[in-house]
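Asker: Dropping the structure in here first, questions after.
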Amino acid sequence: MGAQNKYTVILPTYNERKNLPIICWLLEKMFRENNLNWEVIIVDDGSPDGTLEVAKQLQKVWGSDHIILKPRAGKLGLGTAYVHGLQFATGNFVIIMDADFSHHPKFIPEMIRIQKESDADIVTGTRYANRDNVKGGVYGWDLFRKFTSRTANLIADVMLMPGVSDLTGSFRLYKKSVLEKVIGSTQSKGYSFQMEMMVRAKAMGYKVEECPITFVDRLYGESKLGGSEIVEYLKGVLTLWLKV
């Protein structure tokens with residue numbers, strides 16, 4: 001399906017010791033079964049729970065050509081984690097996703113299929129739209145989290161008109177050359193990073209397709225979304241409305 005292509009997954013981690021072995025096992029299984037060339041770049045931000053030590057064990061299992069460790073000294077933000085990991089990516093396609101099992105690797109083959117058929121520059125996972133009779137969805141969230149996510153996307157859709165249904169999603173497949181250009185123009189570093197990436201990509205004229213996914217709340221650990229992240233997101237929407 002992805003002959004002649006190589007897929008780099010960038011996994012930013014912070015306190016994901018329990019989730020990391022599961023997500024890496026699922027990724028390896030998916031890539032192997034679909035006969036795809038792959039690598040996973042783990043960018044750990046100094047997790048105090050021993051995430052990096054677990055990552056080193058995973059590297060022994062699947063080899064340093066598949067599991068690449070690029071840790072950082074401290075928690076420096078999601079956006080900078082992707083910038084850091086991208087420096088070491090050798091694939092011509094890059095997948096960004098969460099390491100907490102909320103993004104299931106089983107959707108990656110469909111993302112690749114959509115990209116191949118449409119020649120899209122970006123395929124973004126959506127929880128809020130359907131395609132080819134496949135529905136997106138969210139499982140495991142309470143009413144507040146669902147309301148927050150829906151409201152965040154509604155605000156962004158009204159103010160920025162991005163043309164995608166899930167602007168805050170963080171499960172995406174990029175052509176590497178496109179990601180390098182988009183990420184170079186993106187200023188946000190935290191929660192609004194994903195939103196700004198998509199808005200700038202659309203403004204730059206890149207072709208974006210959507211792939212329905214089912215989002216599942218994290219398997220282990222606690223959500224990193226808090227009041228400060230919500231405020232940052234709202235500031236990010238206003239900034240993009242004024243500048244882009």
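All residue names refer to the structure tokens as shown: chains lettered A, B, ... in order, residues numbered from 1 in each chain, ligands numbered from 1 in order.
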When DSSP is applied to the backbone of this structure, which of region 2-194 of chain A are assigned strand (DSSP E or B)? Write them out as a VMD selection string.
Answerer: chain A and resid 6 to 13 37 to 45 67 to 69 72 93 to 96 122 to 126 130 to 131 134 to 135 137 to 139 172 to 175
Asker: For Gln57 (chain A), work out the shell of residues within 12 Å, counting only C-alpha atoms and skipping chain neighbours fewer than 6 positions away, then give it as a list in words.
Answerer: Arg17, Leu20, Pro21, Cys24, Gly50, Thr51, Gly63, Ser64, Ile67, Ile68 and Leu69 of chain A
Asker: Identify which of the residues A:Lys56, A:Lys70, A:Lys18, A:His103 lies closest to Phe171 (chain A), counting only C-alpha atoms when measuring atom-to-atom distances.
Answerer: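 The shortest atom-to-atom distance to Phe171 (chain A) comes from A:His103.
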Asker: Any idea what's packed within 7 Å of region 199-216 of chain A, counting only C-alpha atoms, ignoring anything in its chain fewer than 3 positions away? Could you give it as an mmCIF file with C-alpha atoms, in the first residue's frame?
Answerer:
```
data_model
loop_
_atom_site.group_PDB
_atom_site.id
_atom_site.type_symbol
_atom_site.label_atom_id
_atom_site.label_comp_id
_atom_site.auth_asym_id
_atom_site.auth_seq_id
_atom_site.Cartn_x
_atom_site.Cartn_y
_atom_site.Cartn_z
ATOM 1 C CA SER A 102 -6.391 7.959 22.512
ATOM 2 C CA HIS A 103 -5.299 7.702 18.864
ATOM 3 C CA PHE A 107 -6.720 4.302 11.484
ATOM 4 C CA MET A 111 -5.188 7.787 6.319
ATOM 5 C CA ALA A 120 -3.427 15.256 -0.154
ATOM 6 C CA ASP A 121 -0.673 17.189 1.558
ATOM 7 C CA ILE A 122 -2.286 16.500 4.936
ATOM 8 C CA VAL A 123 -4.788 13.918 6.153
ATOM 9 C CA THR A 124 -6.244 14.879 9.504
ATOM 10 C CA GLY A 125 -8.218 12.634 11.805
ATOM 11 C CA THR A 126 -11.666 13.954 12.681
ATOM 12 C CA ARG A 127 -13.985 13.035 15.526
ATOM 13 C CA ALA A 129 -17.374 14.177 10.495
ATOM 14 C CA ASN A 130 -18.174 11.144 8.349
ATOM 15 C CA ARG A 131 -16.601 9.819 5.155
ATOM 16 C CA VAL A 134 -17.563 5.768 8.349
ATOM 17 C CA LYS A 135 -18.364 7.906 11.384
ATOM 18 C CA GLY A 136 -16.002 9.665 13.746
ATOM 19 C CA GLY A 137 -16.677 9.705 17.459
ATOM 20 C CA VAL A 138 -15.467 10.234 21.027
ATOM 21 C CA TYR A 139 -15.542 7.663 23.828
ATOM 22 C CA GLY A 140 -14.707 7.951 27.517
ATOM 23 C CA PRO A 162 -10.544 26.588 8.396
ATOM 24 C CA VAL A 182 4.002 24.656 7.993
ATOM 25 C CA MET A 195 -5.057 24.548 15.501
ATOM 26 C CA GLU A 196 -2.514 27.022 14.186
#
```
Asker: Choose the residue, out of A:Asn37, A:Thr13, A:Thr8, A:Ser192, that has the smallest atom-to-atom separation from Ala81 (chain A); count only C-alpha atoms.
Answerer: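 Counting only C-alpha atoms, the residue closest to Ala81 (chain A) is A:Thr13.
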Asker: To one decimal place in Å, what is the distance between CA of Lys29 (chain A) and CA of Gly85 (chain A)?
Answerer: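 Those two atoms sit 22.1 Å apart.
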Asker: If DSSP is run on the backbone, what residues of region 42-176 of chain A are alpha helix (DSSP H)? A reply as number ranges by chain would be ideal.
Answerer: A: 51-62, 78-86, 108-118, 143-160, 176
Asker: Mind dumping the selected residues with C-alpha atoms as a PDB file, in the first residue's frame?
Answerer:
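And here's selection-v2.pdb as it stands now:
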```
ATOM      1  CA  THR A  51       9.092   6.768  30.470  1.00  0.00           C
ATOM      2  CA  LEU A  52      12.546   7.071  28.901  1.00  0.00           C
ATOM      3  CA  GLU A  53      13.764   3.885  30.578  1.00  0.00           C
ATOM      4  CA  VAL A  54      10.774   2.026  29.146  1.00  0.00           C
ATOM      5  CA  ALA A  55      11.523   3.527  25.719  1.00  0.00           C
ATOM      6  CA  LYS A  56      15.077   2.185  25.909  1.00  0.00           C
ATOM      7  CA  GLN A  57      13.707  -1.304  26.514  1.00  0.00           C
ATOM      8  CA  LEU A  58      11.396  -0.960  23.515  1.00  0.00           C
ATOM      9  CA  GLN A  59      14.372   0.072  21.407  1.00  0.00           C
ATOM     10  CA  LYS A  60      16.085  -3.185  22.347  1.00  0.00           C
ATOM     11  CA  VAL A  61      13.026  -5.135  21.204  1.00  0.00           C
ATOM     12  CA  TRP A  62      12.506  -3.515  17.787  1.00  0.00           C
ATOM     13  CA  LEU A  78       4.088  20.056  22.429  1.00  0.00           C
ATOM     14  CA  GLY A  79       4.972  22.291  19.502  1.00  0.00           C
ATOM     15  CA  THR A  80       8.693  22.292  20.201  1.00  0.00           C
ATOM     16  CA  ALA A  81       8.573  18.498  20.676  1.00  0.00           C
ATOM     17  CA  TYR A  82       7.394  18.091  17.084  1.00  0.00           C
ATOM     18  CA  VAL A  83      10.001  20.556  15.830  1.00  0.00           C
ATOM     19  CA  HIS A  84      12.669  18.612  17.716  1.00  0.00           C
ATOM     20  CA  GLY A  85      11.524  15.206  16.461  1.00  0.00           C
ATOM     21  CA  LEU A  86      11.156  16.383  12.876  1.00  0.00           C
ATOM     22  CA  ILE A 108      -3.320   4.934   9.890  1.00  0.00           C
ATOM     23  CA  PRO A 109      -3.833   2.586   6.882  1.00  0.00           C
ATOM     24  CA  GLU A 110      -7.033   4.467   6.036  1.00  0.00           C
ATOM     25  CA  MET A 111      -5.188   7.787   6.319  1.00  0.00           C
ATOM     26  CA  ILE A 112      -2.543   6.439   3.949  1.00  0.00           C
ATOM     27  CA  ARG A 113      -5.214   5.237   1.521  1.00  0.00           C
ATOM     28  CA  ILE A 114      -6.934   8.624   1.504  1.00  0.00           C
ATOM     29  CA  GLN A 115      -3.616  10.394   0.975  1.00  0.00           C
ATOM     30  CA  LYS A 116      -2.666   8.100  -1.878  1.00  0.00           C
ATOM     31  CA  GLU A 117      -6.007   8.422  -3.684  1.00  0.00           C
ATOM     32  CA  SER A 118      -6.297  12.207  -3.279  1.00  0.00           C
ATOM     33  CA  LEU A 143     -19.946  15.963  29.379  1.00  0.00           C
ATOM     34  CA  PHE A 144     -17.547  18.802  30.266  1.00  0.00           C
ATOM     35  CA  ARG A 145     -14.766  17.479  28.032  1.00  0.00           C
ATOM     36  CA  LYS A 146     -17.181  16.940  25.137  1.00  0.00           C
ATOM     37  CA  PHE A 147     -18.608  20.433  25.583  1.00  0.00           C
ATOM     38  CA  THR A 148     -15.129  21.981  25.765  1.00  0.00           C
ATOM     39  CA  SER A 149     -13.951  20.252  22.599  1.00  0.00           C
ATOM     40  CA  ARG A 150     -17.099  21.047  20.623  1.00  0.00           C
ATOM     41  CA  THR A 151     -17.065  24.667  21.777  1.00  0.00           C
ATOM     42  CA  ALA A 152     -13.377  25.070  20.936  1.00  0.00           C
ATOM     43  CA  ASN A 153     -13.979  23.805  17.397  1.00  0.00           C
ATOM     44  CA  LEU A 154     -17.111  25.950  16.998  1.00  0.00           C
ATOM     45  CA  ILE A 155     -15.285  29.119  18.051  1.00  0.00           C
ATOM     46  CA  ALA A 156     -12.422  28.380  15.685  1.00  0.00           C
ATOM     47  CA  ASP A 157     -14.772  27.490  12.830  1.00  0.00           C
ATOM     48  CA  VAL A 158     -16.726  30.746  13.164  1.00  0.00           C
ATOM     49  CA  MET A 159     -13.689  32.993  13.519  1.00  0.00           C
ATOM     50  CA  LEU A 160     -11.147  31.277  11.275  1.00  0.00           C
ATOM     51  CA  LYS A 176       7.265  15.669   5.357  1.00  0.00           C
TER      52      LYS A 176
END
```
Asker: Just to confirm, what's the straight-line distance from CA of Phe93 (chain A) to CA of Gly169 (chain A) in Å (one decimal)?
Answerer: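 A separation of 18.3 Å between them.
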Asker: For CA of Ala99 (chain A) and CA of Leu26 (chain A), determine how far apart the two atoms are, in Å to one decimal place.
Answerer: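 The value is 11.1 Å.
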